[in-house]
file final.txt (compact mmCIF, C-alpha atoms)
# COMPACT_ATOMS: atom_id res chain seq x y z
CA MET D 1 17.74 16.38 -16.69
CA THR D 2 17.76 12.59 -16.52
CA THR D 3 20.70 11.38 -14.48
CA LYS D 4 22.56 8.14 -15.15
CA MET D 5 21.39 6.95 -11.75
CA ARG D 6 17.74 7.52 -12.70
CA SER D 7 18.22 5.76 -16.03
CA GLU D 8 19.83 2.79 -14.32
CA ILE D 9 17.01 2.58 -11.77
CA ALA D 10 14.66 2.26 -14.75
CA GLU D 11 16.78 -0.53 -16.24
CA GLN D 12 16.29 -2.79 -13.23
CA PRO D 13 13.28 -4.79 -14.47
CA ALA D 14 15.17 -5.81 -17.61
CA ALA D 15 18.35 -6.51 -15.62
CA LEU D 16 16.42 -8.69 -13.19
CA ARG D 17 14.73 -10.64 -15.97
CA ALA D 18 18.04 -11.26 -17.71
CA THR D 19 19.73 -12.29 -14.47
CA LEU D 20 16.95 -14.69 -13.50
CA ASP D 21 16.95 -16.20 -17.01
CA ALA D 22 20.69 -16.80 -16.67
CA LEU D 23 20.79 -18.08 -13.10
CA LEU D 24 17.57 -19.98 -12.38
CA PRO D 25 18.64 -22.89 -14.64
CA ARG D 26 21.73 -23.25 -12.44
CA VAL D 27 19.92 -24.09 -9.18
CA GLY D 28 20.99 -27.72 -9.56
CA GLU D 29 24.62 -26.69 -9.95
CA VAL D 30 24.41 -24.63 -6.76
CA ARG D 31 22.77 -27.54 -4.97
CA ALA D 32 25.59 -29.88 -5.99
CA VAL D 33 28.39 -27.57 -4.85
CA ALA D 34 26.64 -26.69 -1.57
CA GLU D 35 25.43 -30.12 -0.50
CA GLN D 36 28.35 -30.78 1.85
CA SER D 37 28.26 -27.37 3.53
CA ARG D 38 26.99 -26.84 7.05
CA GLN D 39 27.12 -23.05 7.13
CA LEU D 40 27.82 -20.02 4.95
CA LEU D 41 30.32 -17.20 5.13
CA PHE D 42 29.52 -14.06 3.11
CA ILE D 43 32.47 -11.94 1.96
CA ALA D 44 31.72 -8.39 0.78
CA ARG D 45 32.15 -4.65 1.29
CA GLY D 46 29.91 -1.60 0.86
CA THR D 47 26.68 -2.10 -1.07
CA SER D 48 27.60 -5.75 -1.62
CA ASP D 49 27.83 -6.15 2.17
CA ASN D 50 24.23 -4.96 2.42
CA ALA D 51 23.28 -7.58 -0.16
CA ALA D 52 25.10 -10.12 2.03
CA VAL D 53 22.89 -9.14 4.97
CA TYR D 54 19.88 -10.10 2.85
CA GLY D 55 21.60 -13.37 1.99
CA ARG D 56 22.27 -14.13 5.62
CA TYR D 57 18.68 -13.54 6.75
CA LEU D 58 17.30 -15.44 3.75
CA VAL D 59 19.53 -18.47 4.24
CA GLU D 60 18.93 -18.66 7.98
CA SER D 61 15.17 -18.02 7.87
CA HIS D 62 14.30 -20.19 4.86
CA ALA D 63 17.15 -22.66 4.24
CA GLY D 64 18.00 -23.47 7.85
CA ARG D 65 21.76 -22.89 7.47
CA LEU D 66 23.82 -20.83 9.88
CA ALA D 67 25.38 -17.86 8.07
CA ALA D 68 27.79 -15.08 9.00
CA LEU D 69 29.44 -12.01 7.49
CA ALA D 70 33.21 -12.30 7.07
CA ALA D 71 35.78 -9.83 8.35
CA PRO D 72 38.13 -9.69 5.31
CA SER D 73 40.92 -8.20 7.40
CA ILE D 74 41.31 -11.59 9.13
CA ALA D 75 42.56 -12.87 5.78
CA THR D 76 44.26 -9.81 4.31
CA THR D 77 45.71 -7.98 7.32
CA TYR D 78 45.97 -10.47 10.17
CA LYS D 79 46.61 -13.37 7.76
CA ARG D 80 45.10 -15.80 10.21
CA ARG D 81 44.22 -19.28 9.00
CA LEU D 82 40.81 -20.62 10.10
CA ASP D 83 39.22 -24.05 9.84
CA LEU D 84 36.56 -23.54 7.16
CA ASP D 85 35.85 -27.18 6.44
CA GLY D 86 32.13 -27.55 5.74
CA VAL D 87 31.74 -23.83 4.96
CA LEU D 88 30.33 -22.41 1.75
CA ALA D 89 32.11 -19.07 1.25
CA VAL D 90 30.14 -16.63 -0.92
CA ALA D 91 31.98 -13.54 -2.16
CA ILE D 92 29.98 -10.66 -3.61
CA SER D 93 31.45 -7.86 -5.71
CA GLN D 94 29.78 -5.82 -8.43
CA SER D 95 32.94 -5.44 -10.49
CA GLY D 96 34.58 -8.71 -9.49
CA ARG D 97 37.82 -6.72 -9.31
CA THR D 98 38.02 -5.63 -5.67
CA GLU D 99 41.33 -7.14 -4.65
CA GLU D 100 40.47 -7.56 -0.98
CA ILE D 101 37.36 -9.59 -1.81
CA VAL D 102 39.14 -11.77 -4.36
CA GLU D 103 42.00 -12.37 -1.93
CA THR D 104 39.63 -13.26 0.89
CA LEU D 105 37.75 -15.75 -1.28
CA ALA D 106 41.05 -17.40 -2.25
CA TRP D 107 41.99 -17.50 1.46
CA ALA D 108 38.65 -19.15 2.29
CA LYS D 109 39.32 -21.83 -0.32
CA GLU D 110 42.79 -22.46 1.10
CA CYS D 111 41.18 -22.82 4.53
CA GLY D 112 38.93 -25.61 3.25
CA ALA D 113 35.78 -23.79 2.10
CA THR D 114 33.83 -24.40 -1.07
CA THR D 115 33.50 -21.09 -2.89
CA VAL D 116 30.86 -19.17 -4.83
CA GLY D 117 31.36 -15.79 -6.47
CA ILE D 118 28.54 -13.36 -7.27
CA THR D 119 29.53 -10.56 -9.63
CA ASN D 120 28.41 -8.40 -12.51
CA GLY D 121 31.97 -8.47 -13.83
CA GLY D 122 31.53 -11.54 -16.02
CA GLU D 123 33.09 -14.98 -16.16
CA GLN D 124 36.56 -13.56 -16.84
CA SER D 125 36.63 -11.29 -13.78
CA PRO D 126 39.16 -12.18 -11.07
CA LEU D 127 36.39 -13.06 -8.62
CA ALA D 128 34.63 -15.41 -11.04
CA GLN D 129 37.94 -17.06 -11.88
CA ALA D 130 38.74 -17.61 -8.19
CA ALA D 131 35.39 -19.24 -7.34
CA ASP D 132 34.35 -22.88 -7.66
CA VAL D 133 31.01 -21.61 -9.01
CA ALA D 134 30.45 -18.12 -10.41
CA LEU D 135 26.93 -16.67 -10.47
CA CYS D 136 27.30 -13.75 -12.87
CA THR D 137 24.51 -11.20 -12.88
CA VAL D 138 23.36 -9.61 -16.14
CA ALA D 139 22.86 -5.96 -15.19
CA GLY D 140 24.93 -4.45 -17.99
CA GLU D 141 27.39 -1.63 -17.45
CA GLU D 142 26.58 0.62 -14.52
CA LYS D 143 27.92 4.16 -15.00
CA ALA D 144 26.56 6.02 -11.97
CA VAL D 145 28.73 5.61 -8.88
CA PRO D 146 25.78 4.70 -6.56
CA ALA D 147 24.91 1.07 -7.28
CA THR D 148 21.31 0.37 -8.24
CA LYS D 149 20.78 -2.38 -10.82
CA THR D 150 23.91 -4.23 -9.74
CA TYR D 151 22.53 -4.34 -6.18
CA THR D 152 19.08 -5.67 -7.06
CA THR D 153 20.56 -8.31 -9.36
CA GLN D 154 22.90 -9.38 -6.53
CA LEU D 155 19.80 -9.97 -4.43
CA ALA D 156 18.35 -12.05 -7.26
CA ALA D 157 21.53 -14.14 -7.38
CA LEU D 158 21.34 -14.67 -3.61
CA ALA D 159 17.73 -15.78 -3.97
CA VAL D 160 18.87 -18.37 -6.53
CA LEU D 161 21.59 -19.44 -4.10
CA ALA D 162 18.92 -19.95 -1.43
CA LEU D 163 16.92 -22.14 -3.80
CA GLY D 164 20.02 -24.26 -4.33
CA LEU D 165 20.30 -24.61 -0.57
CA GLY D 166 16.76 -25.97 -0.39
CA ALA D 167 14.93 -22.89 0.86
CA ASP D 168 11.27 -23.50 1.73
CA VAL D 169 9.94 -20.93 -0.74
CA ASP D 170 8.08 -20.86 -4.06
CA PRO D 171 10.57 -20.29 -6.92
CA ASP D 172 7.78 -18.76 -9.01
CA ASP D 173 7.83 -15.75 -6.67
CA LEU D 174 11.11 -14.69 -8.26
CA ARG D 175 9.50 -14.37 -11.67
CA ARG D 176 7.09 -11.78 -10.23
CA VAL D 177 9.87 -9.46 -9.09
CA PRO D 178 10.61 -7.56 -12.35
CA GLU D 179 6.96 -6.59 -12.82
CA ALA D 180 6.69 -5.48 -9.20
CA VAL D 181 9.79 -3.30 -9.65
CA GLU D 182 8.32 -1.79 -12.82
CA LYS D 183 5.21 -0.83 -10.88
CA LEU D 184 7.23 0.80 -8.10
CA ILE D 185 9.24 2.86 -10.59
CA ALA D 186 6.00 4.10 -12.13
CA GLU D 187 4.16 4.55 -8.81
CA PRO D 188 6.64 5.12 -5.96
CA GLY D 189 4.12 6.78 -3.67
CA ASP D 190 4.40 10.21 -2.04
CA LEU D 191 7.96 10.80 -3.22
CA ASP D 192 7.70 14.59 -3.37
CA ALA D 193 6.55 14.82 0.25
CA VAL D 194 9.44 12.69 1.52
CA VAL D 195 11.96 14.66 -0.55
CA GLU D 196 10.54 17.88 0.83
CA GLY D 197 10.63 16.52 4.37
CA LEU D 198 14.30 15.55 4.14
CA SER D 199 15.54 18.51 2.09
CA ASP D 200 16.42 20.68 5.10
CA LYS D 201 17.44 17.93 7.51
CA PRO D 202 21.05 17.10 8.36
CA GLY D 203 20.35 13.45 9.04
CA VAL D 204 17.86 10.60 9.11
CA VAL D 205 17.55 7.27 10.89
CA VAL D 206 16.68 4.42 8.50
CA SER D 207 15.33 1.32 10.17
CA GLY D 208 13.94 -2.11 9.37
CA ARG D 209 14.23 -5.61 10.76
CA GLY D 210 14.69 -9.14 9.47
CA LEU D 211 14.83 -9.41 5.70
CA ALA D 212 14.08 -5.67 5.42
CA PHE D 213 17.17 -4.79 7.49
CA SER D 214 19.31 -5.05 4.34
CA THR D 215 17.07 -2.46 2.69
CA ALA D 216 17.46 -0.09 5.64
CA LEU D 217 21.25 -0.41 5.47
CA GLU D 218 21.38 0.07 1.71
CA THR D 219 18.99 3.04 1.73
CA ALA D 220 21.05 4.71 4.46
CA LEU D 221 24.22 4.12 2.46
CA LYS D 222 22.69 5.67 -0.65
CA LEU D 223 21.53 8.74 1.27
CA LYS D 224 25.01 9.14 2.76
CA GLU D 225 27.00 8.74 -0.43
CA ALA D 226 24.74 10.64 -2.85
CA CYS D 227 22.98 13.20 -0.62
CA TYR D 228 25.65 13.67 2.09
CA LEU D 229 23.10 13.07 4.85
CA HIS D 230 24.14 11.69 8.22
CA ALA D 231 22.00 8.61 7.63
CA MET D 232 22.08 5.85 10.23
CA GLY D 233 20.93 2.36 9.16
CA LEU D 234 19.74 0.26 12.09
CA SER D 235 17.62 -2.71 12.98
CA TYR D 236 14.62 -1.32 14.83
CA ALA D 237 15.50 -3.63 17.72
CA ASP D 238 18.87 -1.89 18.02
CA LEU D 239 17.26 1.50 17.50
CA LEU D 240 15.03 0.95 20.51
CA HIS D 241 18.06 0.12 22.66
CA GLY D 242 19.24 3.73 22.73
CA PRO D 243 19.80 5.45 19.39
CA ILE D 244 16.11 6.37 19.18
CA ALA D 245 17.13 9.29 21.39
CA VAL D 246 18.49 11.04 18.27
CA VAL D 247 15.10 10.94 16.49
CA ASP D 248 13.51 14.36 16.83
CA ALA D 249 12.12 17.21 14.75
CA ASP D 250 15.49 17.64 13.03
CA THR D 251 16.23 13.93 12.59
CA PRO D 252 13.28 12.05 11.10
CA ALA D 253 12.94 8.30 10.73
CA LEU D 254 12.57 6.34 7.49
CA LEU D 255 11.04 2.96 8.30
CA VAL D 256 10.86 -0.03 5.96
CA ALA D 257 8.96 -3.32 6.10
CA ALA D 258 7.51 -5.94 3.80
CA GLN D 259 3.82 -6.72 3.76
CA ASN D 260 2.83 -9.82 5.74
CA SER D 261 6.18 -9.86 7.51
CA PRO D 262 6.46 -10.90 11.16
CA THR D 263 8.43 -7.68 11.66
CA LEU D 264 5.60 -5.45 10.40
CA PRO D 265 3.72 -4.99 13.72
CA GLY D 266 6.91 -3.81 15.41
CA THR D 267 7.64 -1.40 12.57
CA VAL D 268 4.12 0.05 12.79
CA ALA D 269 4.51 0.50 16.56
CA LEU D 270 7.83 2.28 16.00
CA ALA D 271 6.26 4.65 13.44
CA GLU D 272 3.51 5.50 15.92
CA ARG D 273 6.05 6.13 18.66
CA VAL D 274 8.14 8.42 16.42
CA VAL D 275 5.10 10.47 15.38
CA ALA D 276 3.85 10.70 18.96
CA ALA D 277 7.24 12.12 19.95
CA GLY D 278 6.84 14.96 17.45
CA ALA D 279 9.17 13.63 14.74
CA ALA D 280 8.39 12.63 11.17
CA ALA D 281 8.18 8.94 10.30
CA TYR D 282 8.44 8.33 6.57
CA THR D 283 7.69 4.78 5.47
CA ILE D 284 8.56 2.33 2.69
CA GLY D 285 6.29 -0.66 2.17
CA GLY D 286 4.32 -2.33 4.92
CA GLY D 287 0.98 -1.81 3.21
CA GLU D 288 -1.79 0.34 4.57
CA ALA D 289 -0.94 -0.42 8.19
CA LEU D 290 2.50 1.20 8.02
CA ALA D 291 1.37 3.99 5.70
CA ARG D 292 -1.37 5.03 8.16
CA ALA D 293 1.08 5.06 11.06
CA GLY D 294 3.61 7.35 9.37
CA THR D 295 3.88 10.90 8.07
CA ALA D 296 4.20 10.16 4.34
CA ALA D 297 4.49 6.84 2.57
CA LEU D 298 6.48 5.33 -0.28
CA ASN D 299 4.99 2.21 -1.80
CA GLY D 300 6.34 -1.28 -1.36
CA PRO D 301 6.06 -4.30 -3.65
CA ASP D 302 3.21 -6.79 -3.65
CA LEU D 303 5.59 -9.67 -3.08
CA PRO D 304 6.23 -12.33 -0.41
CA GLU D 305 8.73 -11.26 2.22
CA TRP D 306 11.58 -13.46 0.95
CA VAL D 307 11.78 -11.56 -2.37
CA ALA D 308 10.40 -8.22 -1.18
CA PRO D 309 13.82 -6.56 -0.61
CA MET D 310 14.36 -6.52 -4.39
CA GLY D 311 11.40 -4.16 -4.58
CA LEU D 312 11.67 -2.37 -1.24
CA ILE D 313 14.99 -0.77 -2.20
CA VAL D 314 13.57 0.87 -5.34
CA PRO D 315 11.67 3.72 -3.57
CA GLY D 316 14.84 4.36 -1.55
CA GLN D 317 16.85 4.64 -4.77
CA LEU D 318 14.31 7.01 -6.29
CA LEU D 319 14.29 9.08 -3.09
CA THR D 320 18.08 9.31 -3.11
CA GLU D 321 18.25 10.43 -6.74
CA ALA D 322 15.46 13.01 -6.35
CA LEU D 323 16.78 14.38 -3.06
CA ALA D 324 20.31 14.72 -4.44
CA ARG D 325 19.02 16.81 -7.34
CA ARG D 326 16.91 18.88 -4.94
CA LEU D 327 20.06 19.59 -2.92
CA GLY D 328 22.06 20.54 -6.01
CA ILE D 329 24.23 17.40 -5.92
CA ASP D 330 25.08 15.28 -8.94
CA PRO D 331 24.05 11.78 -7.81
CA ASP D 332 26.06 10.16 -10.61
CA ALA D 333 29.41 11.31 -9.22
CA PRO D 334 29.37 11.91 -5.45
CA ARG D 335 32.46 13.57 -4.04
CA GLY D 336 35.33 11.35 -2.98
CA LEU D 337 33.96 8.14 -4.53
CA ASN D 338 34.94 5.88 -7.42
CA LYS D 339 33.06 3.02 -9.02
CA VAL D 340 35.56 0.43 -7.78
CA THR D 341 36.99 0.91 -4.28
CA GLN D 342 40.19 -0.89 -3.32
CA THR D 343 41.05 -1.42 0.36
CA ASP D 344 44.16 -2.87 1.96
call {"tool": "encode", "arguments": {"input": "final.txt", "output": "structure tokens"}}
result
Amino acid sequence: MTTKMRSEIAEQPAALRATLDALLPRVGEVRAVAEQSRQLLFIARGTSDNAAVYGRYLVESHAGRLAALAAPSIATTYKRRLDLDGVLAVAISQSGRTEEIVETLAWAKECGATTVGITNGGEQSPLAQAADVALCTVAGEEKAVPATKTYTTQLAALAVLALGLGADVDPDDLRRVPEAVEKLIAEPGDLDAVVEGLSDKPGVVVSGRGLAFSTALETALKLKEACYLHAMGLSYADLLHGPIAVVDADTPALLVAAQNSPTLPGTVALAERVVAAGAAAYTIGGGEALARAGTAALNGPDLPEWVAPMGLIVPGQLLTEALARRLGIDPDAPRGLNKVTQTD
């Protein structure tokens, strides 16, 4: 059986190409709206919040702008006005219809921020209508509850945003992403071994650092929502500060890193430590160095670090879909979840 989730994973190269074709010509428009901003505020929930983590690391590491993740309840529950003069507020929502996110973006504008909306909901969605500039992704309808192609296209939109902010990167790297994702879908690595290793485990610790931290968070979220695992997404720096105590024979680690990343040596050292302690360390990306240090390896993309998260998440998506089926769970419709979640 081919699940909707698996079909939508396969649609990502086309969705990324379409999104980049639509958004790369708008770098100048982003530059114009962002030129007066000193810092960024990302507004999101759930999977979109994990995309925002990528945006934050990308903007700070390559565009030199301070960035932060918003607490929407400040706007919607506490109704506290803040001075957001000089802030570029970026709201991210797959549907563009999550009321809390739309309301928080409107609040940010009232507080003096310039606003950008990133959504797959189209120009007529409430979020796009509320934003000064709407960057609409072109992923097509997503039917499975776990987000896949809408997540990777959000990352693409954030990469375009970074270009508009003057990031010190090569824009041509973005054009290489769809092909790299195609290759990962065709050759994910030792997927069967990782599925087998997690099939009888109640939980897993998923860890990365820097730009790969977003991938760790998103992979953990997918494993929680579609496989019902107690999956903990952590920076490996935070993991080493105490939670590593939970990693044992019954709680393996899933470690993720980009090739040629300054965080790779630390990730390799963590894999070696986990294995030496008698636990399994499954890996995503990081090239041969990380693969050799771990128990079984999923491939990563041959991409520079700044765009690597668009590829690094793909093996995690494939793992989630395959593990859910192995556990007898329908990954398209996890219990207790809807495609659009509304919060007060």
call {"tool": "residues_around", "arguments": {"input": "final.txt", "residues": "Thr215 of chain D", "least_positions_apart": "6", "cutoff": "10 Å", "atoms": "all atoms listed in the file", "output": "PDB file with C-alpha atoms, in the frame of the given file"}}
result
ATOM      1  CA  ASN D  50      24.230  -4.960   2.420  1.00  0.00           C
ATOM      2  CA  ALA D  51      23.280  -7.580  -0.160  1.00  0.00           C
ATOM      3  CA  VAL D  53      22.890  -9.140   4.970  1.00  0.00           C
ATOM      4  CA  TYR D  54      19.880 -10.100   2.850  1.00  0.00           C
ATOM      5  CA  VAL D 206      16.680   4.420   8.500  1.00  0.00           C
ATOM      6  CA  SER D 207      15.330   1.320  10.170  1.00  0.00           C
ATOM      7  CA  GLY D 208      13.940  -2.110   9.370  1.00  0.00           C
ATOM      8  CA  ARG D 209      14.230  -5.610  10.760  1.00  0.00           C
ATOM      9  CA  LEU D 221      24.220   4.120   2.460  1.00  0.00           C
ATOM     10  CA  GLY D 233      20.930   2.360   9.160  1.00  0.00           C
ATOM     11  CA  LEU D 255      11.040   2.960   8.300  1.00  0.00           C
ATOM     12  CA  VAL D 256      10.860  -0.030   5.960  1.00  0.00           C
ATOM     13  CA  ALA D 257       8.960  -3.320   6.100  1.00  0.00           C
ATOM     14  CA  ILE D 284       8.560   2.330   2.690  1.00  0.00           C
ATOM     15  CA  ALA D 308      10.400  -8.220  -1.180  1.00  0.00           C
ATOM     16  CA  PRO D 309      13.820  -6.560  -0.610  1.00  0.00           C
ATOM     17  CA  MET D 310      14.360  -6.520  -4.390  1.00  0.00           C
ATOM     18  CA  GLY D 311      11.400  -4.160  -4.580  1.00  0.00           C
ATOM     19  CA  LEU D 312      11.670  -2.370  -1.240  1.00  0.00           C
ATOM     20  CA  ILE D 313      14.990  -0.770  -2.200  1.00  0.00           C
ATOM     21  CA  VAL D 314      13.570   0.870  -5.340  1.00  0.00           C
ATOM     22  CA  GLY D 316      14.840   4.360  -1.550  1.00  0.00           C
TER      23      GLY D 316
END
call {"tool": "residues_around", "arguments": {"input": "final.txt", "residues": "segment 276-282 of chain D", "least_positions_apart": "2", "cutoff": "7 Å", "atoms": "all atoms listed in the file", "output": "ChimeraX atom specification"}}
result
/D:194,247-249,252-255,271-274,294-297
call {"tool": "residues_near_point", "arguments": {"input": "final.txt", "point": "(3.1, 0.2, -3.2)", "cutoff": "8 Å", "atoms": "all atoms listed in the file", "output": "tab-separated table (two decimals) with C-alpha atoms, keeping the file's coordinate frame"}}
result
chain	number	residue	atom	x	y	z
D	184	LEU	CA	7.23	0.80	-8.10
D	187	GLU	CA	4.16	4.55	-8.81
D	188	PRO	CA	6.64	5.12	-5.96
D	189	GLY	CA	4.12	6.78	-3.67
D	285	GLY	CA	6.29	-0.66	2.17
D	287	GLY	CA	0.98	-1.81	3.21
D	298	LEU	CA	6.48	5.33	-0.28
D	299	ASN	CA	4.99	2.21	-1.80
D	300	GLY	CA	6.34	-1.28	-1.36
D	301	PRO	CA	6.06	-4.30	-3.65
D	302	ASP	CA	3.21	-6.79	-3.65
call {"tool": "atom_distance", "arguments": {"input": "final.txt", "atom1": "atom CA of Leu135 of chain D", "atom2": "atom CA of Trp107 of chain D"}}
result
19.2 Å
call {"tool": "atom_distance", "arguments": {"input": "final.txt", "atom1": "atom CA of Gly197 of chain D", "atom2": "atom CA of Val268 of chain D"}}
result
19.6 Å
call {"tool": "residues_around", "arguments": {"input": "final.txt", "residues": "Ala156 of chain D", "least_positions_apart": "2", "cutoff": "8 Å", "atoms": "only C-alpha atoms", "output": "list in words"}}
result
Leu16, Thr19, Leu20, Thr152, Thr153, Gln154, Leu158, Ala159, Val160, Leu174 and Met310 of chain D
call {"tool": "residues_near_point", "arguments": {"input": "final.txt", "point": "(21.0, 18.4, 0.0)", "cutoff": "9 Å", "atoms": "only C-alpha atoms", "output": "PyMOL selection string"}}
result
chain D and resi 198-202+227-229+323-329
call {"tool": "atom_distance", "arguments": {"input": "final.txt", "atom1": "atom CA of Thr98 of chain D", "atom2": "atom CA of Arg6 of chain D"}}
result
25.2 Å
call {"tool": "closest_residue", "arguments": {"input": "final.txt", "among": "D:Glu225, D:Glu123, D:Glu288, D:Glu305", "to": "Ala144 of chain D", "atoms": "all atoms listed in the file"}}
result
D:Glu225
call {"tool": "residues_around", "arguments": {"input": "final.txt", "residues": "segment 30-35 of chain D", "least_positions_apart": "5", "cutoff": "9 Å", "atoms": "all atoms listed in the file", "output": "JSON, numbers by chain"}}
result
{"D": [87, 88, 114, 115, 116, 132, 133, 160, 161, 162, 163, 164, 165, 166]}
call {"tool": "residues_around", "arguments": {"input": "final.txt", "residues": "Glu11 of chain D", "least_positions_apart": "3", "cutoff": "12 Å", "atoms": "all atoms listed in the file", "output": "PDB file with C-alpha atoms, in the coordinates of the input"}}
result
ATOM      1  CA  LYS D   4      22.560   8.140 -15.150  1.00  0.00           C
ATOM      2  CA  MET D   5      21.390   6.950 -11.750  1.00  0.00           C
ATOM      3  CA  ARG D   6      17.740   7.520 -12.700  1.00  0.00           C
ATOM      4  CA  SER D   7      18.220   5.760 -16.030  1.00  0.00           C
ATOM      5  CA  GLU D   8      19.830   2.790 -14.320  1.00  0.00           C
ATOM      6  CA  ALA D  14      15.170  -5.810 -17.610  1.00  0.00           C
ATOM      7  CA  ALA D  15      18.350  -6.510 -15.620  1.00  0.00           C
ATOM      8  CA  LEU D  16      16.420  -8.690 -13.190  1.00  0.00           C
ATOM      9  CA  ARG D  17      14.730 -10.640 -15.970  1.00  0.00           C
ATOM     10  CA  ALA D  18      18.040 -11.260 -17.710  1.00  0.00           C
ATOM     11  CA  VAL D 138      23.360  -9.610 -16.140  1.00  0.00           C
ATOM     12  CA  ALA D 139      22.860  -5.960 -15.190  1.00  0.00           C
ATOM     13  CA  GLY D 140      24.930  -4.450 -17.990  1.00  0.00           C
ATOM     14  CA  GLU D 141      27.390  -1.630 -17.450  1.00  0.00           C
ATOM     15  CA  GLU D 142      26.580   0.620 -14.520  1.00  0.00           C
ATOM     16  CA  THR D 148      21.310   0.370  -8.240  1.00  0.00           C
ATOM     17  CA  LYS D 149      20.780  -2.380 -10.820  1.00  0.00           C
ATOM     18  CA  THR D 150      23.910  -4.230  -9.740  1.00  0.00           C
ATOM     19  CA  THR D 152      19.080  -5.670  -7.060  1.00  0.00           C
ATOM     20  CA  THR D 153      20.560  -8.310  -9.360  1.00  0.00           C
ATOM     21  CA  PRO D 178      10.610  -7.560 -12.350  1.00  0.00           C
ATOM     22  CA  VAL D 181       9.790  -3.300  -9.650  1.00  0.00           C
ATOM     23  CA  GLU D 182       8.320  -1.790 -12.820  1.00  0.00           C
ATOM     24  CA  ILE D 185       9.240   2.860 -10.590  1.00  0.00           C
ATOM     25  CA  VAL D 314      13.570   0.870  -5.340  1.00  0.00           C
TER      26      VAL D 314
END
call {"tool": "closest_residue", "arguments": {"input": "final.txt", "among": "D:Leu290, D:Ala134, D:Ala91, D:Leu303", "to": "Ala113 of chain D", "atoms": "all atoms listed in the file"}}
result
D:Ala91
call {"tool": "axis_aligned_box", "arguments": {"input": "final.txt", "around": "segment 249-257 of chain D", "padding_each_side": "8 Å", "output": "lines of an AutoDock Vina configuration file"}}
result
center_x = 12.6
center_y = 7.2
center_z = 10.4
size_x = 23.3
size_y = 37.0
size_z = 24.8
call {"tool": "decode", "arguments": {"input": "final.txt", "residues": "segment 212-216 of chain D", "atoms": "all heavy atoms", "output": "mmCIF file, in the first residue's frame"}}
result
data_model
loop_
_atom_site.group_PDB
_atom_site.id
_atom_site.type_symbol
_atom_site.label_atom_id
_atom_site.label_comp_id
_atom_site.auth_asym_id
_atom_site.auth_seq_id
_atom_site.Cartn_x
_atom_site.Cartn_y
_atom_site.Cartn_z
ATOM 1 N N ALA D 212 21.011 22.186 11.709
ATOM 2 C CA ALA D 212 20.391 20.856 11.739
ATOM 3 C C ALA D 212 19.461 20.669 12.933
ATOM 4 O O ALA D 212 18.729 19.675 12.990
ATOM 5 C CB ALA D 212 21.464 19.764 11.761
ATOM 6 N N PHE D 213 19.464 21.601 13.882
ATOM 7 C CA PHE D 213 18.586 21.485 15.048
ATOM 8 C C PHE D 213 17.123 21.459 14.617
ATOM 9 O O PHE D 213 16.310 20.720 15.166
ATOM 10 C CB PHE D 213 18.857 22.651 16.005
ATOM 11 C CG PHE D 213 18.022 22.660 17.253
ATOM 12 C CD1 PHE D 213 17.705 21.491 17.930
ATOM 13 C CD2 PHE D 213 17.565 23.863 17.773
ATOM 14 C CE1 PHE D 213 16.941 21.510 19.099
ATOM 15 C CE2 PHE D 213 16.799 23.898 18.930
ATOM 16 C CZ PHE D 213 16.490 22.726 19.589
ATOM 17 N N SER D 214 16.779 22.266 13.608
ATOM 18 C CA SER D 214 15.394 22.260 13.111
ATOM 19 C C SER D 214 15.000 20.881 12.616
ATOM 20 O O SER D 214 13.862 20.441 12.823
ATOM 21 C CB SER D 214 15.239 23.283 11.988
ATOM 22 O OG SER D 214 16.133 23.020 10.909
ATOM 23 N N THR D 215 15.921 20.187 11.969
ATOM 24 C CA THR D 215 15.641 18.841 11.465
ATOM 25 C C THR D 215 15.416 17.866 12.610
ATOM 26 O O THR D 215 14.544 16.996 12.539
ATOM 27 C CB THR D 215 16.793 18.340 10.576
ATOM 28 O OG1 THR D 215 17.040 19.301 9.545
ATOM 29 C CG2 THR D 215 16.454 16.998 9.948
ATOM 30 N N ALA D 216 16.205 17.991 13.668
ATOM 31 C CA ALA D 216 16.019 17.125 14.832
ATOM 32 C C ALA D 216 14.639 17.341 15.445
ATOM 33 O O ALA D 216 13.924 16.382 15.781
ATOM 34 C CB ALA D 216 17.116 17.396 15.859
#
